[in-house]
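Have a look at the structure below, then the notes.
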Amino acid sequence: MRAPNLVSSYTHPARLILIASMAPTIGLGIGRFAYSLVLPDMRDSLGWSYSAAGFMNTINAVGYLVGALLASRMIRRFGLSRTVRWGTLAAVISLALSAVSGNFLVLSFARLLAGIGAAGGFVGGAALAATIAQSRPERANFLLSLFYAGPGVGILSSGLIAPFVLQGFGPGSWWIVWWAMTLLSIVLILPLLLAPLDSDAAIDSAAPVQFSIRPVLIYLIGYFLFGAGYIAYMTFMIAYVRDAGGGAAAQSAFWSLIGLSAFLTPWVWRRVLALNRGGLATAIILGVNAIGAALPIFGHSPILLAISALVFGVAFFAVVGSTTAFVRLNYPPAEWPASIAAMTIAFGIGQTLGPIAVGAITDAVGSLSSALNVSAAMLALGAVLSAFQPKLKQKA
């Protein structure tokens, strides 16, 4: 694999990265996280247990893991932009499948496909964004963080739509929400399909780069814990707000605050993301993420929940950004796709195990507070481990 051609012909790098961010906007912000908004209605209408509800995010995470495992091969064969576009199209198709049937197997396949597509779009998009950002080294960290605002756009837009669709159409209208998400995603994918993203991001089909796990093992474990910990919060918090008496407006406000916080990420964390000191940046941001996840444990007040959403959200999006920054600062460009894919695999394993485990704990204990306790603890442990990751020695 040769490095992407990092020439300065990107006349509008911020615009191109924002267009590339439509991949995680659709694949993650809508394809994965909008499920939390319809989960309570789906669970009530379809008679699911919390374990069954958690399984839907587990199978989505399995798909994400499969997509991450295949991503480097797809990028070498088809290039960055095609991988991003086809992955995102798969995510859009999965949203339509989610709307057509209440059959558990059909919905499971839709969630699986959403995960595969989201991983391809994310790994390819992150490598593409890193390539484009590198054409402006003095602004690289800021430009790269724009890509990670993408999921926030999806979370915000779905938060402004889904609760009110459910309220307007009443119980059992979860499938209408999925159609609304499908139509929204079709609109959002158009710039991604039409933008000229190919010119300076070509990767040839030479032998794949070998990624060594040992030098970053502790970092991978920390990122695994992030994947396992964050997903419990993002899966069950809307149910937690609803169980506390929050109606459509409260659910929309909570979810929208998480999405809005993504837009603060480039400015809040730009100096932290520039730290070239191993896993320190990730440790700092992940620690803040753990604090945000822990706040609802102390009560149901609207102010506390709003602070939790803002603190969790502003750190959540930056954790993933810090990992790409770590890769960019510690590996040569030729190794970026393979390295990002390896990080995503660790993350994917964590979020595969997280939902079903936390769902089972919630069923056994009978309290969503237990899920939040487990979530916050895993995030905190991930922060501690990440702090011990040293900077890698550059190859000669």
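Numbering starts fresh at 1 for the residues of each chain in the structure tokens, the chains themselves are lettered A, B, ... in the order given, and ligands are numbered from 1 as they appear.
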Taking 4 positions as the minimum chain separation for residues in the same chain, which residues sit within 8 Å of A:Phe316 when counting only C-alpha atoms? Answer as a PyMOL selection string.
chain A and resi 230+285-286+289+312+320
Spatial neighbours of A:Gly152, 6 Å, only C-alpha atoms, chain gap at least 4 places, as a compact mmCIF listing (two decimals) with N, CA, C and O atoms, in the first residue's frame:
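And here is the file that came out, result18.txt:
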# COMPACT_ATOMS: atom_id res chain seq x y z
N LEU A 156 -28.80 14.89 16.23
CA LEU A 156 -29.63 16.08 16.37
C LEU A 156 -30.86 16.00 15.48
O LEU A 156 -32.00 16.23 15.94
N GLY A 259 -26.54 15.70 20.38
CA GLY A 259 -26.16 16.04 19.01
C GLY A 259 -25.54 17.41 18.91
O GLY A 259 -24.52 17.60 18.23
N ALA A 262 -21.83 17.97 19.73
CA ALA A 262 -20.82 17.59 18.73
C ALA A 262 -20.23 18.79 18.04
O ALA A 262 -19.06 18.80 17.65
Between A:Gln134, A:Ser108, A:Thr88, A:Thr282, smallest distance to A:Ala52 by only C-alpha atoms belongs to A:Ser108
Write out as a VMD selection string all residues of stretch 178-251 of chain A that backbone DSSP assigns to helix (DSSP H, G or I).
chain A and resid 178 to 194 214 to 243 248 to 251
Polymer residues at most 10 Å from A:Gln167, only C-alpha atoms, same-chain spacing of 6 or more positions, as a compact mmCIF listing (two decimals) with N, CA, C and O atoms, in the first residue's frame:
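In the end it all went to around-v2.txt:
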# COMPACT_ATOMS: atom_id res chain seq x y z
N SER A 173 -46.02 3.21 16.20
CA SER A 173 -45.63 3.97 14.99
C SER A 173 -44.12 3.96 14.77
O SER A 173 -43.60 4.77 14.00
N GLY A 247 -41.69 13.21 28.43
CA GLY A 247 -42.47 13.01 27.22
C GLY A 247 -41.64 13.25 25.98
O GLY A 247 -40.41 13.27 26.02
N ALA A 248 -42.33 13.46 24.85
CA ALA A 248 -41.65 13.63 23.56
C ALA A 248 -40.70 14.83 23.60
O ALA A 248 -39.58 14.75 23.10
N ALA A 249 -41.14 15.94 24.19
CA ALA A 249 -40.30 17.14 24.23
C ALA A 249 -39.04 16.90 25.04
O ALA A 249 -37.94 17.31 24.65
Do a neighbour search on stretch 10-25 of chain A at 6 Å with only C-alpha atoms, toss out local chain neighbours closer than 6 positions, and write the hits as an MDAnalysis selection string.
chainID A and resid 88 121:122 125 129 147 150:151 153:154 192
May I have the residues from that selection written out with N, CA, C and O atoms, as a short mmCIF file (atom, residue, chain, number, x, y, z; two decimals), in the first residue's frame?
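After the write, result13.cif holds the following:
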data_model
loop_
_atom_site.label_atom_id
_atom_site.label_comp_id
_atom_site.auth_asym_id
_atom_site.auth_seq_id
_atom_site.Cartn_x
_atom_site.Cartn_y
_atom_site.Cartn_z
N THR A 88 -22.11 3.69 3.01
CA THR A 88 -23.20 4.57 3.42
C THR A 88 -24.50 4.21 2.73
O THR A 88 -25.58 4.28 3.33
N GLY A 121 -18.09 2.94 5.89
CA GLY A 121 -18.16 4.39 5.72
C GLY A 121 -17.28 5.12 6.71
O GLY A 121 -16.63 6.12 6.36
N PHE A 122 -17.20 4.61 7.95
CA PHE A 122 -16.42 5.31 8.96
C PHE A 122 -14.92 5.13 8.75
O PHE A 122 -14.17 6.11 8.76
N GLY A 125 -14.00 6.87 5.60
CA GLY A 125 -14.17 8.30 5.78
C GLY A 125 -13.14 8.91 6.69
O GLY A 125 -12.65 10.02 6.45
N ALA A 129 -10.64 11.69 5.62
CA ALA A 129 -10.58 12.96 6.34
C ALA A 129 -9.17 13.26 6.82
O ALA A 129 -8.70 14.40 6.75
N PHE A 147 -14.90 16.04 10.92
CA PHE A 147 -15.45 14.76 10.48
C PHE A 147 -16.26 14.11 11.59
O PHE A 147 -17.31 13.51 11.36
N GLY A 150 -19.99 14.68 12.44
CA GLY A 150 -21.01 14.04 11.61
C GLY A 150 -22.06 13.28 12.40
O GLY A 150 -23.26 13.50 12.20
N PRO A 151 -21.67 12.37 13.30
CA PRO A 151 -22.71 11.68 14.07
C PRO A 151 -23.61 12.62 14.84
O PRO A 151 -24.80 12.32 15.03
N VAL A 153 -24.72 15.48 13.84
CA VAL A 153 -25.76 15.96 12.92
C VAL A 153 -26.89 14.93 12.84
O VAL A 153 -28.07 15.28 12.87
N GLY A 154 -26.51 13.65 12.75
CA GLY A 154 -27.52 12.59 12.69
C GLY A 154 -28.31 12.48 13.97
O GLY A 154 -29.54 12.31 13.95
N LEU A 192 -22.56 13.41 -0.67
CA LEU A 192 -21.49 12.41 -0.60
C LEU A 192 -21.33 11.67 -1.93
O LEU A 192 -20.22 11.34 -2.35
#
Need to verify the contact set: A:Leu160, 6 Å, only C-alpha atoms, exclusion of same-chain residues closer than 2 positions in sequence. Can you return it as a PyMOL selection string?
chain A and resi 157-158+252
For A:Asn57: contacts at 12 Å, only C-alpha atoms, fewer than 2 positions along chain excluded, given as a ChimeraX atom specification:
/A:28,31-36,39,50-55,59-64,107-115,227-228,231-232,234-236,348,350-359
Output N, CA and C atoms for every residue in the selection just made, as a compact mmCIF listing (two decimals), in the first residue's frame.
# COMPACT_ATOMS: atom_id res chain seq x y z
N LEU A 28 -23.82 6.15 11.60
CA LEU A 28 -23.78 6.12 13.06
C LEU A 28 -24.86 6.99 13.69
N GLY A 31 -28.23 5.62 11.59
CA GLY A 31 -28.34 4.16 11.47
C GLY A 31 -28.19 3.43 12.78
N ARG A 32 -27.29 3.88 13.64
CA ARG A 32 -27.12 3.21 14.92
C ARG A 32 -27.92 3.88 16.03
N PHE A 33 -27.73 5.18 16.20
CA PHE A 33 -28.22 5.82 17.42
C PHE A 33 -29.70 6.17 17.41
N ALA A 34 -30.31 6.32 16.22
CA ALA A 34 -31.75 6.59 16.18
C ALA A 34 -32.55 5.42 16.74
N TYR A 35 -31.92 4.24 16.76
CA TYR A 35 -32.58 3.07 17.34
C TYR A 35 -32.98 3.33 18.79
N SER A 36 -32.17 4.08 19.52
CA SER A 36 -32.49 4.37 20.92
C SER A 36 -33.79 5.16 21.05
N LEU A 39 -36.57 2.60 20.39
CA LEU A 39 -36.49 1.39 21.21
C LEU A 39 -37.67 1.24 22.18
N TYR A 50 -35.50 -6.49 27.75
CA TYR A 50 -34.32 -5.63 27.59
C TYR A 50 -33.18 -6.39 26.93
N SER A 51 -33.10 -7.69 27.16
CA SER A 51 -32.06 -8.49 26.51
C SER A 51 -32.27 -8.53 25.00
N ALA A 52 -33.52 -8.69 24.57
CA ALA A 52 -33.82 -8.68 23.14
C ALA A 52 -33.53 -7.32 22.54
N ALA A 53 -33.89 -6.26 23.27
CA ALA A 53 -33.61 -4.91 22.80
C ALA A 53 -32.11 -4.68 22.70
N GLY A 54 -31.37 -5.17 23.69
CA GLY A 54 -29.92 -5.04 23.64
C GLY A 54 -29.31 -5.85 22.51
N PHE A 55 -29.92 -7.00 22.19
CA PHE A 55 -29.40 -7.83 21.10
C PHE A 55 -29.41 -7.07 19.78
N ILE A 59 -26.20 -7.07 17.50
CA ILE A 59 -26.07 -7.54 16.12
C ILE A 59 -25.61 -6.40 15.21
N ASN A 60 -26.02 -5.18 15.53
CA ASN A 60 -25.51 -4.02 14.80
C ASN A 60 -24.01 -3.89 15.01
N ALA A 61 -23.57 -4.11 16.25
CA ALA A 61 -22.15 -4.02 16.55
C ALA A 61 -21.36 -5.17 15.91
N VAL A 62 -21.98 -6.36 15.80
CA VAL A 62 -21.34 -7.46 15.09
C VAL A 62 -21.10 -7.07 13.63
N GLY A 63 -22.12 -6.46 13.02
CA GLY A 63 -21.96 -5.98 11.66
C GLY A 63 -20.86 -4.95 11.55
N TYR A 64 -20.80 -4.06 12.53
CA TYR A 64 -19.75 -3.03 12.54
C TYR A 64 -18.37 -3.68 12.64
N LEU A 107 -35.48 -7.56 11.23
CA LEU A 107 -34.90 -6.41 11.93
C LEU A 107 -33.44 -6.69 12.32
N SER A 108 -33.15 -7.92 12.70
CA SER A 108 -31.78 -8.28 13.04
C SER A 108 -30.86 -8.14 11.82
N PHE A 109 -31.35 -8.62 10.66
CA PHE A 109 -30.55 -8.48 9.44
C PHE A 109 -30.34 -7.00 9.09
N ALA A 110 -31.39 -6.20 9.26
CA ALA A 110 -31.27 -4.77 8.97
C ALA A 110 -30.22 -4.11 9.86
N ARG A 111 -30.24 -4.48 11.15
CA ARG A 111 -29.25 -3.91 12.08
C ARG A 111 -27.84 -4.41 11.75
N LEU A 112 -27.73 -5.65 11.31
CA LEU A 112 -26.43 -6.20 10.89
C LEU A 112 -25.89 -5.43 9.70
N LEU A 113 -26.75 -5.24 8.69
CA LEU A 113 -26.34 -4.51 7.48
C LEU A 113 -25.97 -3.07 7.81
N ALA A 114 -26.72 -2.45 8.72
CA ALA A 114 -26.40 -1.08 9.12
C ALA A 114 -25.00 -1.00 9.72
N GLY A 115 -24.64 -2.02 10.52
CA GLY A 115 -23.31 -2.02 11.13
C GLY A 115 -22.20 -2.20 10.12
N GLY A 227 -15.89 1.34 23.76
CA GLY A 227 -16.95 0.76 22.93
C GLY A 227 -18.01 0.05 23.76
N ALA A 228 -17.58 -0.67 24.79
CA ALA A 228 -18.53 -1.38 25.64
C ALA A 228 -19.30 -0.44 26.54
N ILE A 231 -22.01 2.49 24.70
CA ILE A 231 -23.20 1.99 24.01
C ILE A 231 -24.36 1.77 24.98
N ALA A 232 -24.05 1.47 26.24
CA ALA A 232 -25.13 1.31 27.22
C ALA A 232 -25.85 2.64 27.43
N MET A 234 -25.96 5.22 25.32
CA MET A 234 -26.64 5.64 24.10
C MET A 234 -27.83 4.74 23.76
N THR A 235 -27.82 3.50 24.26
CA THR A 235 -28.92 2.58 23.98
C THR A 235 -30.11 2.81 24.90
N PHE A 236 -29.84 3.02 26.18
CA PHE A 236 -30.92 2.98 27.17
C PHE A 236 -31.29 4.33 27.80
N GLY A 348 -15.26 -2.14 18.08
CA GLY A 348 -16.39 -2.95 17.64
C GLY A 348 -16.63 -4.15 18.54
N GLY A 350 -15.93 -4.30 21.70
CA GLY A 350 -16.51 -3.75 22.92
C GLY A 350 -17.99 -3.46 22.79
N GLN A 351 -18.37 -2.80 21.71
CA GLN A 351 -19.77 -2.44 21.57
C GLN A 351 -20.62 -3.64 21.12
N THR A 352 -19.97 -4.73 20.71
CA THR A 352 -20.71 -5.97 20.46
C THR A 352 -21.14 -6.62 21.77
N LEU A 353 -20.23 -6.65 22.72
CA LEU A 353 -20.51 -7.30 23.99
C LEU A 353 -21.31 -6.41 24.94
N GLY A 354 -21.15 -5.10 24.81
CA GLY A 354 -21.77 -4.18 25.75
C GLY A 354 -23.29 -4.23 25.85
N PRO A 355 -24.03 -4.08 24.74
CA PRO A 355 -25.49 -3.98 24.84
C PRO A 355 -26.17 -5.21 25.41
N ILE A 356 -25.75 -6.40 24.94
CA ILE A 356 -26.43 -7.61 25.40
C ILE A 356 -26.09 -7.88 26.86
N ALA A 357 -24.84 -7.57 27.28
CA ALA A 357 -24.45 -7.77 28.68
C ALA A 357 -25.21 -6.82 29.59
N VAL A 358 -25.26 -5.55 29.20
CA VAL A 358 -25.94 -4.56 30.03
C VAL A 358 -27.45 -4.81 30.03
N GLY A 359 -27.99 -5.25 28.88
CA GLY A 359 -29.41 -5.59 28.83
C GLY A 359 -29.74 -6.73 29.77
Which one of A:Leu273, A:Leu257, A:Leu372, A:Leu70 sits closest to A:Tyr240 if you count only C-alpha atoms?
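Ranking A:Leu273, A:Leu257, A:Leu372, A:Leu70 by distance to A:Tyr240, first place goes to A:Leu372.
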Judged by only C-alpha atoms, the minimum distance to A:Val216 among A:Phe104, A:Phe78, A:Phe388, A:Trp269 is found for A:Phe388
Point out the residue among A:Pro196, A:Gly27, A:Gly47, A:Gly102 with the least atom-to-atom distance to A:Ile116, counting only C-alpha atoms.
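Ranking A:Pro196, A:Gly27, A:Gly47, A:Gly102 by distance to A:Ile116, first place goes to A:Gly27.
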Which of these residues is nearest to A:Ile303, using only C-alpha atoms: A:Ala253, A:Val365, A:Val268, A:Met237?
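Closest to A:Ile303 of all the choices is A:Ala253.
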If we count only C-alpha atoms and set the cut-off at 7 Å, which residues sit around A:Ser261, ignoring sequence neighbours fewer than 5 positions away in its own chain? Please answer as a PDB file with N, CA and C atoms, in the first residue's frame.
ATOM      1  N   LEU A 310     -24.888  17.052  27.653  1.00  0.00           N
ATOM      2  CA  LEU A 310     -23.881  17.949  27.089  1.00  0.00           C
ATOM      3  C   LEU A 310     -22.468  17.445  27.368  1.00  0.00           C
ATOM      4  N   GLY A 313     -21.892  14.134  25.474  1.00  0.00           N
ATOM      5  CA  GLY A 313     -21.817  14.344  24.037  1.00  0.00           C
ATOM      6  C   GLY A 313     -20.544  15.025  23.587  1.00  0.00           C
ATOM      7  N   VAL A 314     -20.135  16.084  24.288  1.00  0.00           N
ATOM      8  CA  VAL A 314     -18.967  16.839  23.844  1.00  0.00           C
ATOM      9  C   VAL A 314     -17.701  15.998  23.958  1.00  0.00           C
TER      10      VAL A 314
END
As an exercise, work out the distance from atom CA of A:Leu193 to atom CA of A:Gly321 in Å and give it to one decimal place.
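That distance, rounded to one decimal, is 23.6 Å.
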